[in-house]
$ cat upload-v2.cif   # mmCIF, C-alpha atoms
data_data
#
loop_
_atom_site.label_atom_id
_atom_site.label_comp_id
_atom_site.auth_asym_id
_atom_site.auth_seq_id
_atom_site.Cartn_x
_atom_site.Cartn_y
_atom_site.Cartn_z
CA MET Z 1 -26.27 -37.09 -10.11
CA ARG Z 2 -25.99 -37.52 -13.86
CA ASN Z 3 -23.24 -38.89 -16.06
CA ARG Z 4 -21.56 -36.57 -18.52
CA MET Z 5 -18.48 -37.85 -20.31
CA LYS Z 6 -17.98 -34.53 -22.09
CA THR Z 7 -16.30 -31.89 -19.93
CA GLU Z 8 -18.20 -28.63 -19.40
CA TYR Z 9 -16.70 -25.60 -21.15
CA ILE Z 10 -16.93 -22.08 -19.84
CA ALA Z 11 -16.39 -19.42 -22.51
CA ILE Z 12 -15.24 -15.93 -21.62
CA ALA Z 13 -14.61 -13.15 -24.14
CA PHE Z 14 -11.15 -12.03 -23.01
CA GLY Z 15 -9.29 -11.62 -26.27
CA LEU Z 16 -5.70 -10.54 -26.70
CA LEU Z 17 -6.72 -6.89 -26.92
CA GLY Z 18 -10.04 -7.28 -25.13
CA CYS Z 19 -9.47 -4.51 -22.60
CA THR Z 20 -7.52 -1.96 -24.59
CA GLY Z 21 -10.48 -0.45 -26.42
CA HIS Z 22 -10.34 -2.92 -29.33
CA GLN Z 23 -12.61 -5.82 -30.13
CA PRO Z 24 -11.29 -9.22 -28.99
CA THR Z 25 -9.56 -11.15 -31.74
CA TYR Z 26 -10.46 -14.45 -30.12
CA GLU Z 27 -12.09 -15.91 -27.03
CA TYR Z 28 -10.52 -17.88 -24.24
CA ILE Z 29 -12.29 -21.10 -23.35
CA PHE Z 30 -12.08 -21.92 -19.66
CA GLU Z 31 -12.42 -25.63 -19.00
CA ALA Z 32 -13.17 -26.78 -15.47
CA GLU Z 33 -11.13 -29.94 -15.09
CA PRO Z 34 -12.41 -32.96 -13.14
CA VAL Z 35 -11.88 -32.98 -9.39
CA ASP Z 36 -10.66 -35.83 -7.21
CA LEU Z 37 -13.83 -36.27 -5.16
CA GLN Z 38 -16.19 -39.06 -4.25
CA VAL Z 39 -19.71 -37.94 -3.34
CA LYS Z 40 -21.93 -40.30 -1.38
CA GLN Z 41 -25.51 -39.63 -0.32
CA ILE Z 42 -26.04 -40.40 3.36
CA GLU Z 43 -28.82 -39.84 5.86
CA GLY Z 44 -29.34 -36.11 6.22
CA GLY Z 45 -27.09 -35.04 3.35
CA TYR Z 46 -23.94 -35.94 1.46
CA GLU Z 47 -20.47 -37.17 2.32
CA VAL Z 48 -17.51 -35.89 0.30
CA GLU Z 49 -14.04 -37.45 0.21
CA GLY Z 50 -10.99 -36.82 -1.95
CA THR Z 51 -7.90 -34.68 -2.35
CA SER Z 52 -9.75 -31.83 -4.11
CA ALA Z 53 -11.58 -30.81 -0.94
CA LEU Z 54 -10.33 -29.32 2.32
CA GLN Z 55 -12.50 -30.40 5.24
CA VAL Z 56 -11.28 -29.53 8.72
CA PRO Z 57 -12.68 -32.02 11.27
CA GLY Z 58 -15.27 -30.51 13.59
CA HIS Z 59 -15.70 -27.39 11.47
CA PHE Z 60 -17.74 -25.92 8.64
CA THR Z 61 -14.85 -25.34 6.22
CA TRP Z 62 -15.64 -22.36 3.98
CA GLY Z 63 -13.79 -19.74 1.92
CA GLY Z 64 -10.05 -20.10 1.29
CA SER Z 65 -7.35 -17.97 -0.36
CA VAL Z 66 -4.10 -19.49 -1.65
CA SER Z 67 -0.57 -18.19 -2.31
CA LYS Z 68 2.60 -19.93 -3.44
CA ALA Z 69 5.36 -19.18 -0.93
CA GLU Z 70 9.13 -18.95 -1.22
CA ASP Z 71 9.50 -22.57 -0.08
CA GLY Z 72 7.59 -23.73 -3.17
CA LYS Z 73 4.55 -24.83 -1.15
CA TYR Z 74 0.99 -23.58 -1.48
CA TYR Z 75 -0.64 -22.09 1.61
CA MET Z 76 -4.37 -21.67 2.06
CA ILE Z 77 -5.85 -19.27 4.60
CA TYR Z 78 -9.42 -20.39 5.24
CA SER Z 79 -12.34 -19.54 7.49
CA ALA Z 80 -14.23 -22.13 9.51
CA PRO Z 81 -16.62 -22.01 12.47
CA GLU Z 82 -17.04 -25.07 14.67
CA THR Z 83 -19.80 -27.60 14.09
CA GLY Z 84 -22.11 -29.07 16.72
CA VAL Z 85 -23.20 -25.81 18.37
CA HIS Z 86 -25.08 -23.61 15.90
CA PRO Z 87 -26.55 -24.21 12.46
CA PHE Z 88 -24.20 -22.95 9.76
CA ASN Z 89 -26.30 -19.84 9.06
CA ASN Z 90 -25.59 -18.67 12.61
CA ALA Z 91 -22.23 -20.35 13.15
CA TRP Z 92 -20.31 -18.28 10.59
CA VAL Z 93 -21.65 -15.08 12.20
CA PHE Z 94 -21.01 -16.09 15.80
CA GLY Z 95 -17.53 -17.56 15.59
CA SER Z 96 -15.66 -18.00 12.31
CA LYS Z 97 -11.95 -18.65 12.84
CA LEU Z 98 -9.03 -18.20 10.46
CA GLY Z 99 -6.80 -21.20 9.83
CA LEU Z 100 -3.84 -22.22 7.70
CA ALA Z 101 -3.40 -25.27 5.45
CA VAL Z 102 -0.55 -26.32 3.16
CA SER Z 103 -0.01 -28.48 0.09
CA GLU Z 104 2.84 -29.34 -2.26
CA ARG Z 105 0.53 -28.74 -5.23
CA PRO Z 106 -2.02 -25.99 -5.94
CA ASP Z 107 -5.04 -28.10 -6.85
CA GLY Z 108 -5.56 -30.25 -3.78
CA GLY Z 109 -4.03 -32.26 -0.99
CA PHE Z 110 -4.21 -29.42 1.54
CA ARG Z 111 -3.39 -30.35 5.13
CA GLN Z 112 -4.52 -28.34 8.12
CA LEU Z 113 -1.73 -26.65 10.09
CA GLY Z 114 -3.90 -24.98 12.71
CA PHE Z 115 -5.88 -21.86 13.56
CA PHE Z 116 -4.10 -18.56 14.09
CA TYR Z 117 -6.87 -15.97 14.57
CA ASN Z 118 -10.01 -15.92 16.73
CA GLN Z 119 -9.06 -19.36 18.00
CA ASP Z 120 -11.67 -19.14 20.77
CA GLY Z 121 -14.47 -19.26 18.19
CA PHE Z 122 -17.89 -18.76 19.75
CA ALA Z 123 -16.61 -17.44 23.08
CA ALA Z 124 -18.10 -14.03 23.85
CA ASP Z 125 -15.33 -11.50 23.35
CA THR Z 126 -15.55 -7.72 22.99
CA SER Z 127 -11.84 -6.96 23.42
CA SER Z 128 -11.44 -5.60 19.88
CA TRP Z 129 -13.48 -4.66 16.82
CA ASP Z 130 -12.83 -8.11 15.30
CA ALA Z 131 -12.98 -10.25 18.45
CA GLN Z 132 -16.17 -12.24 17.78
CA SER Z 133 -15.91 -13.62 14.23
CA THR Z 134 -13.44 -13.42 11.31
CA SER Z 135 -14.19 -14.56 7.75
CA ASN Z 136 -13.75 -13.77 4.02
CA PRO Z 137 -9.95 -14.25 3.92
CA HIS Z 138 -8.18 -12.79 0.88
CA VAL Z 139 -4.37 -12.91 0.80
CA ARG Z 140 -2.15 -10.94 -1.59
CA LYS Z 141 1.59 -10.32 -1.74
CA PHE Z 142 2.81 -6.79 -2.41
CA GLY Z 143 6.55 -6.25 -2.31
CA ASN Z 144 8.12 -8.58 0.25
CA LYS Z 145 5.10 -8.77 2.55
CA TYR Z 146 1.80 -10.63 2.60
CA TYR Z 147 -1.45 -8.81 3.27
CA LEU Z 148 -4.39 -10.78 4.62
CA TYR Z 149 -7.64 -8.88 4.14
CA TYR Z 150 -10.65 -10.18 6.05
CA ALA Z 151 -14.11 -9.31 7.35
CA ALA Z 152 -14.75 -9.33 11.07
CA THR Z 153 -17.18 -8.24 13.74
CA VAL Z 154 -17.97 -7.97 17.43
CA ASP Z 155 -21.24 -7.75 19.36
CA PRO Z 156 -21.90 -4.03 20.08
CA GLY Z 157 -24.91 -4.69 22.30
CA ASN Z 158 -28.25 -2.88 22.18
CA ASP Z 159 -27.19 0.65 23.13
CA ASN Z 160 -27.83 2.12 19.66
CA VAL Z 161 -30.61 0.20 17.95
CA LEU Z 162 -33.68 1.23 15.97
CA SER Z 163 -36.48 -1.31 16.37
CA GLU Z 164 -39.91 -1.60 17.96
CA THR Z 165 -38.34 -3.02 21.13
CA ASP Z 166 -35.09 -1.01 21.01
CA THR Z 167 -33.28 -4.34 20.84
CA LEU Z 168 -32.03 -6.68 18.14
CA PRO Z 169 -31.29 -10.41 18.25
CA LYS Z 170 -27.60 -11.12 18.74
CA ARG Z 171 -27.20 -12.46 15.22
CA ASP Z 172 -28.53 -9.23 13.72
CA ARG Z 173 -26.26 -7.09 15.89
CA VAL Z 174 -23.14 -9.08 15.08
CA GLN Z 175 -23.95 -9.44 11.37
CA GLN Z 176 -24.67 -5.72 10.94
CA ASN Z 177 -21.38 -4.76 12.61
CA GLN Z 178 -19.05 -6.32 10.01
CA LYS Z 179 -16.02 -4.34 8.84
CA ILE Z 180 -12.80 -5.04 6.93
CA GLY Z 181 -9.33 -5.41 8.42
CA VAL Z 182 -5.83 -6.39 7.33
CA ILE Z 183 -3.07 -8.51 8.84
CA VAL Z 184 0.48 -7.99 7.54
CA PHE Z 185 3.10 -10.75 7.77
CA GLU Z 186 6.36 -11.86 6.15
CA SER Z 187 5.95 -15.64 5.98
CA PHE Z 188 3.28 -18.25 6.56
CA PRO Z 189 5.19 -19.92 9.42
CA ASP Z 190 5.32 -16.48 11.05
CA LEU Z 191 1.57 -16.10 10.58
CA LEU Z 192 0.86 -19.41 12.28
CA LYS Z 193 3.10 -18.42 15.21
CA GLY Z 194 1.28 -15.11 15.63
CA LYS Z 195 4.16 -13.01 14.29
CA PHE Z 196 2.18 -10.41 12.35
CA THR Z 197 1.01 -6.82 12.61
CA HIS Z 198 -2.63 -5.99 13.10
CA SER Z 199 -4.38 -2.66 13.53
CA ASP Z 200 -6.65 -1.99 16.48
CA LYS Z 201 -8.97 -0.18 14.04
CA PRO Z 202 -10.75 -1.45 10.91
CA LEU Z 203 -9.21 -0.82 7.51
CA LEU Z 204 -12.64 0.10 6.14
CA GLU Z 205 -16.04 0.61 7.77
CA PRO Z 206 -19.46 1.77 6.51
CA ARG Z 207 -20.09 5.47 5.95
CA THR Z 208 -23.88 5.04 5.92
CA ARG Z 209 -26.23 2.79 7.86
CA VAL Z 210 -29.58 3.00 6.07
CA LYS Z 211 -32.23 0.34 6.63
CA PRO Z 212 -36.02 0.74 7.07
CA ASP Z 213 -36.13 -0.89 10.50
CA ASN Z 214 -34.35 -3.29 12.84
CA VAL Z 215 -31.04 -1.54 12.31
CA LEU Z 216 -27.91 -1.08 14.38
CA ALA Z 217 -26.58 2.49 14.76
CA PRO Z 218 -28.83 4.01 12.06
CA SER Z 219 -27.83 7.00 9.97
CA PRO Z 220 -29.98 10.16 10.27
CA GLN Z 221 -33.31 9.97 8.46
CA GLY Z 222 -33.00 11.00 4.82
CA THR Z 223 -29.42 9.78 4.41
CA GLU Z 224 -28.71 8.39 0.94
CA PRO Z 225 -26.99 5.01 1.23
CA LYS Z 226 -23.50 4.63 -0.21
CA PRO Z 227 -22.16 1.34 -1.61
CA ASP Z 228 -20.51 0.80 1.79
CA ASN Z 229 -23.89 0.75 3.49
CA LEU Z 230 -24.51 -1.04 6.79
CA ILE Z 231 -21.61 -3.50 6.38
CA VAL Z 232 -18.37 -3.85 4.41
CA VAL Z 233 -17.31 -7.44 3.67
CA ASN Z 234 -15.84 -9.61 0.87
CA PRO Z 235 -12.56 -7.70 0.48
CA ALA Z 236 -10.59 -8.03 -2.77
CA VAL Z 237 -7.47 -5.93 -3.32
CA VAL Z 238 -5.51 -5.29 -6.52
CA TYR Z 239 -2.64 -3.04 -7.55
CA ARG Z 240 -3.32 -0.66 -10.47
CA PRO Z 241 -0.08 -0.25 -12.42
CA THR Z 242 -1.17 2.83 -14.38
CA ASP Z 243 -1.04 5.10 -11.31
CA GLY Z 244 0.36 2.95 -8.48
CA LYS Z 245 -2.91 2.92 -6.55
CA TYR Z 246 -4.38 0.02 -4.59
CA LEU Z 247 -8.06 -0.77 -5.14
CA LEU Z 248 -10.07 -2.40 -2.35
CA PHE Z 249 -13.35 -3.88 -3.58
CA PHE Z 250 -16.06 -4.66 -1.04
CA LYS Z 251 -19.70 -5.57 -0.67
CA GLY Z 252 -22.32 -3.55 1.19
CA ASN Z 253 -26.02 -4.14 1.78
CA ILE Z 254 -28.87 -2.13 0.26
CA TYR Z 255 -32.56 -2.38 1.21
CA ASP Z 256 -34.86 -1.01 -1.51
CA PRO Z 257 -37.01 -2.28 0.14
CA HIS Z 258 -35.63 -5.84 0.20
CA TRP Z 259 -32.02 -6.87 0.75
CA ARG Z 260 -29.51 -7.08 -2.08
CA GLY Z 261 -25.74 -7.06 -2.26
CA ILE Z 262 -24.03 -4.05 -3.83
CA HIS Z 263 -20.33 -3.46 -4.47
CA GLY Z 264 -18.04 -0.49 -4.10
CA VAL Z 265 -14.35 0.32 -4.30
CA ALA Z 266 -11.96 2.23 -2.07
CA ILE Z 267 -8.57 3.60 -3.16
CA SER Z 268 -5.25 4.01 -1.36
CA ASP Z 269 -1.58 4.75 -2.03
CA HIS Z 270 -0.60 1.80 0.18
CA PRO Z 271 -1.83 -1.80 0.51
CA ASP Z 272 -2.51 -1.30 4.23
CA GLY Z 273 -4.38 1.97 3.75
CA PRO Z 274 -5.79 4.39 4.53
CA PHE Z 275 -8.49 3.66 1.94
CA THR Z 276 -11.07 6.17 0.71
CA ALA Z 277 -14.34 4.72 -0.58
CA LEU Z 278 -15.88 6.12 -3.76
CA ASP Z 279 -19.56 7.05 -3.88
CA GLU Z 280 -20.50 5.18 -7.04
CA PRO Z 281 -21.11 1.41 -7.12
CA VAL Z 282 -19.02 -0.95 -9.24
CA PHE Z 283 -20.10 -4.10 -11.13
CA HIS Z 284 -23.19 -2.12 -12.06
CA LEU Z 285 -25.31 -2.72 -15.17
CA GLU Z 286 -27.50 -0.08 -16.76
CA GLY Z 287 -30.81 -0.98 -18.33
CA VAL Z 288 -31.11 -4.42 -16.76
CA GLU Z 289 -34.65 -5.39 -15.81
CA GLY Z 290 -34.94 -6.27 -12.13
CA LYS Z 291 -32.56 -5.80 -9.23
CA LEU Z 292 -28.88 -6.73 -9.33
CA SER Z 293 -27.53 -8.70 -6.38
CA ALA Z 294 -24.05 -10.17 -6.05
CA GLU Z 295 -21.24 -10.84 -3.58
CA ASP Z 296 -17.78 -12.38 -3.12
CA PRO Z 297 -15.71 -10.61 -5.80
CA TYR Z 298 -12.22 -11.71 -6.74
CA VAL Z 299 -10.46 -9.03 -8.81
CA TRP Z 300 -7.13 -9.24 -10.62
CA TYR Z 301 -5.04 -7.40 -13.20
CA HIS Z 302 -4.19 -9.31 -16.37
CA LYS Z 303 -0.69 -8.31 -17.53
CA ARG Z 304 -1.02 -9.52 -21.10
CA ASP Z 305 -4.51 -8.10 -21.67
CA LYS Z 306 -3.65 -4.95 -19.68
CA CYS Z 307 -6.99 -4.84 -17.89
CA PHE Z 308 -8.87 -6.01 -14.82
CA TYR Z 309 -11.20 -8.97 -14.45
CA ALA Z 310 -13.62 -9.75 -11.64
CA VAL Z 311 -15.32 -13.04 -10.80
CA PHE Z 312 -18.17 -13.02 -8.28
CA LYS Z 313 -21.32 -14.77 -7.13
CA ASP Z 314 -24.44 -13.73 -9.05
CA PHE Z 315 -27.55 -14.29 -6.93
CA ASN Z 316 -30.22 -14.08 -9.63
CA GLY Z 317 -28.58 -14.57 -13.04
CA LYS Z 318 -28.66 -10.91 -14.10
CA PHE Z 319 -24.91 -10.93 -14.69
CA THR Z 320 -24.58 -14.41 -16.17
CA LYS Z 321 -27.68 -13.83 -18.33
CA GLY Z 322 -28.86 -17.23 -17.19
CA ASP Z 323 -28.52 -19.23 -14.01
CA ALA Z 324 -27.43 -17.91 -10.63
CA CYS Z 325 -23.77 -18.93 -10.40
CA LEU Z 326 -20.34 -17.35 -10.89
CA ALA Z 327 -20.13 -14.40 -13.30
CA ILE Z 328 -17.25 -12.43 -14.81
CA MET Z 329 -16.78 -8.76 -15.78
CA ARG Z 330 -13.84 -6.74 -17.12
CA SER Z 331 -12.58 -3.19 -16.80
CA ASN Z 332 -9.87 -0.91 -18.19
CA ASP Z 333 -9.42 1.08 -14.98
CA GLY Z 334 -11.01 -0.99 -12.20
CA ILE Z 335 -13.82 1.56 -11.80
CA LYS Z 336 -16.04 1.23 -14.86
CA TRP Z 337 -16.94 -2.37 -15.62
CA GLN Z 338 -18.39 -4.12 -18.66
CA LEU Z 339 -20.08 -7.45 -19.09
CA PRO Z 340 -18.45 -9.61 -21.80
CA GLN Z 341 -20.60 -11.43 -24.30
CA HIS Z 342 -20.00 -14.68 -22.44
CA SER Z 343 -20.36 -13.59 -18.82
CA LEU Z 344 -20.81 -17.02 -17.22
CA PHE Z 345 -17.62 -18.02 -15.43
CA MET Z 346 -18.65 -21.31 -13.83
CA LYS Z 347 -21.83 -23.25 -13.17
CA LYS Z 348 -22.76 -24.56 -9.75
CA GLU Z 349 -21.57 -28.09 -10.42
CA LEU Z 350 -18.55 -30.32 -9.99
CA ILE Z 351 -17.20 -32.65 -12.67
CA LEU Z 352 -15.87 -35.79 -11.01
CA ALA Z 353 -12.97 -37.89 -12.26
CA ASN Z 354 -15.36 -40.76 -13.09
CA GLY Z 355 -17.32 -38.54 -15.52
CA ASP Z 356 -20.25 -37.76 -13.24
CA THR Z 357 -21.45 -34.18 -12.89
CA VAL Z 358 -22.77 -33.21 -9.46
CA LYS Z 359 -25.03 -30.21 -9.03
CA VAL Z 360 -24.19 -28.21 -5.90
CA LYS Z 361 -26.27 -25.82 -3.81
CA ARG Z 362 -23.41 -23.47 -2.94
CA LEU Z 363 -20.31 -22.55 -4.95
CA GLU Z 364 -19.07 -19.17 -3.73
CA ARG Z 365 -16.24 -17.13 -2.19
CA PRO Z 366 -14.24 -17.65 -5.43
CA GLN Z 367 -10.49 -17.10 -5.11
CA LEU Z 368 -7.99 -17.79 -7.89
CA LEU Z 369 -4.39 -18.81 -8.33
CA LEU Z 370 -2.96 -16.95 -11.33
CA ASN Z 371 0.08 -17.51 -13.51
CA GLU Z 372 2.60 -14.74 -14.27
CA GLU Z 373 0.52 -13.37 -17.15
CA GLY Z 374 -2.68 -13.27 -15.12
CA ASP Z 375 -4.40 -16.38 -16.45
CA PRO Z 376 -6.41 -18.30 -13.82
CA GLU Z 377 -5.00 -21.74 -13.08
CA VAL Z 378 -6.98 -22.95 -10.05
CA LEU Z 379 -10.32 -21.92 -8.56
CA TYR Z 380 -10.83 -22.21 -4.79
CA ALA Z 381 -14.45 -22.01 -3.67
CA ALA Z 382 -16.63 -22.64 -0.65
CA CYS Z 383 -18.99 -25.46 -1.53
CA SER Z 384 -21.89 -27.55 -0.26
CA ILE Z 385 -23.82 -30.20 -2.16
CA ASP Z 386 -27.15 -29.37 -0.50
CA ASN Z 387 -28.46 -26.62 1.77
CA VAL Z 388 -25.90 -26.22 4.56
CA ASN Z 389 -27.63 -23.33 6.35
CA PRO Z 390 -29.79 -25.39 8.77
CA LYS Z 391 -27.16 -28.06 9.43
CA ILE Z 392 -25.32 -28.32 12.73
CA ASN Z 393 -22.86 -31.15 12.10
CA GLY Z 394 -21.13 -30.09 8.90
CA GLY Z 395 -21.72 -30.38 5.19
CA SER Z 396 -19.41 -27.75 3.70
CA PHE Z 397 -15.91 -27.88 2.23
CA ASN Z 398 -13.46 -25.84 0.18
CA VAL Z 399 -13.07 -27.27 -3.31
CA GLN Z 400 -10.04 -26.82 -5.55
CA ILE Z 401 -10.75 -26.89 -9.30
CA ARG Z 402 -7.94 -26.74 -11.85
CA ILE Z 403 -8.77 -24.60 -14.89
CA LYS Z 404 -7.55 -25.28 -18.43
CA ILE Z 405 -7.47 -22.38 -20.89
CA LYS Z 406 -7.91 -22.69 -24.65
CA LYS Z 407 -8.26 -20.16 -27.44
CA ASN Z 408 -11.36 -20.23 -29.59
#
$ encode --input "upload-v2.cif" --output "structure tokens"
Amino acid sequence: MRNRMKTEYIAIAFGLLGCTGHQPTYEYIFEAEPVDLQVKQIEGGYEVEGTSALQVPGHFTWGGSVSKAEDGKYYMIYSAPETGVHPFNNAWVFGSKLGLAVSERPDGGFRQLGFFYNQDGFAADTSSWDAQSTSNPHVRKFGNKYYLYYAATVDPGNDNVLSETDTLPKRDRVQQNQKIGVIVFESFPDLLKGKFTHSDKPLLEPRTRVKPDNVLAPSPQGTEPKPDNLIVVNPAVVYRPTDGKYLLFFKGNIYDPHWRGIHGVAISDHPDGPFTALDEPVFHLEGVEGKLSAEDPYVWYHKRDKCFYAVFKDFNGKFTKGDACLAIMRSNDGIKWQLPQHSLFMKKELILANGDTVKVKRLERPQLLLNEEGDPEVLYAACSIDNVNPKINGGSFNVQIRIKIKKN
């Protein structure tokens, strides 16, 4: 931990006319404000306390999506598997649950209200396509209804597996069977009570399943992988005002020959589908040396700039043109994307109220609270100070970071 009295600035080339075919007349400066957290090193890791973090007791608290409701309160839908049974790297696959928290303010103080989906966690359940694990919550309001998009899976067994033994470990089967669904509800109290509609079929599932080996339900040999290859996860949905379409962004997996995350988009006339996936990837860069790999997009339409922005996790720094952290891109139509001059959205660090800056191992699943114009006000992100993957007894939290915007 090092002391830095000067707040870190994150510059992004938005510009008043930045997405209308003109050069930006100025840049926005995004300032990550200090968070109300105390970080203490303990045996085996770190302990985090403070109002800027949601930590559900007995759970690995992870990604969360927030909306302001009609009652003036802020509701967070989050995912969290239980601790004490599996290391995190397996726990989120085997039994992530969806829960609800509430706060009177957007940038912290969230209190757990309870779990409303997949409450049985790790219990073996094949009763529906999403019975085993639910994660990646992303909530949007269209009209007078809320739409909760999520990724989910179930164990399909070993009946259709390509491997040397004709079997796959359970984690591989469950992980490779992830698809995207949607829950529709009218209020957050209704959601917690189970008063919502839910389809018995996925909203989106992979069209191709191409992997060299150890693959569930493989596509025929010679199949060219689409962006929605093997899995579809990380849903992000936005309304396109120019034609009234809804765009569903997702991540798939490509092996060429090693794994990397690739993104695609599907289009619909309605927020609850049906969605049709396009063949070409999005968030793609031409002429970049090395492989691109990213995940966890959050996409929104900026009313004043009349364009789309996307923030996502960059695995290797190809998008940020530097460190692996959160990157930003922009688009006129939501299909063709460009990298701004300043493409770094946020570093993997937290600025504490006492002036300290804490480097973190994980800062991902970014979700934003926007104002009426489309300016980000608060970032919500899954976070861990050190490597949470091998841990059994916790070490993750959802952090809420208020963002200040300045013109440069």
$ resolve_selection --input "upload-v2.cif" --expression "the PyMOL selection byres ((chain Z and resi 58) around 7)" --output "PyMOL selection string"
chain Z and resi 56-57+59+82-83
$ residues_around --input "upload-v2.cif" --residues "Z:Gly252" --least-positions-apart "4" --cutoff "12 Å" --atoms "all atoms listed in the file" --output "number ranges by chain"
Z: 151, 175-180, 204-211, 225-235, 259-265, 277, 281-282, 293-297
$ resolve_selection --input "upload-v2.cif" --expression "the PyMOL selection byres ((chain Z and resi 107) around 10)" --output "PyMOL selection string"
chain Z and resi 35-36+51-53+74+103-106+108-110+369+377-380+399-403
$ atom_distance --input "upload-v2.cif" --atom1 "atom CA of Z:Leu339" --atom2 "atom CA of Z:Lys318"
10.5 Å
$ resolve_selection --input "upload-v2.cif" --expression "the PyMOL selection byres ((chain Z and resi 97) around 12)" --output "MDAnalysis selection string"
chainID Z and resid 56 59:64 77:83 91:96 98:100 114:123 130:137 150:153
$ residues_around --input "upload-v2.cif" --residues "Z:Thr320" --least-positions-apart "3" --cutoff "12 Å" --atoms "all atoms listed in the file" --output "ChimeraX atom specification"
/Z:10-12,285,288,292-294,311-317,323-329,339-347
$ atom_distance --input "upload-v2.cif" --atom1 "atom CA of Z:Ile267" --atom2 "atom CA of Z:Asp333"
12.1 Å
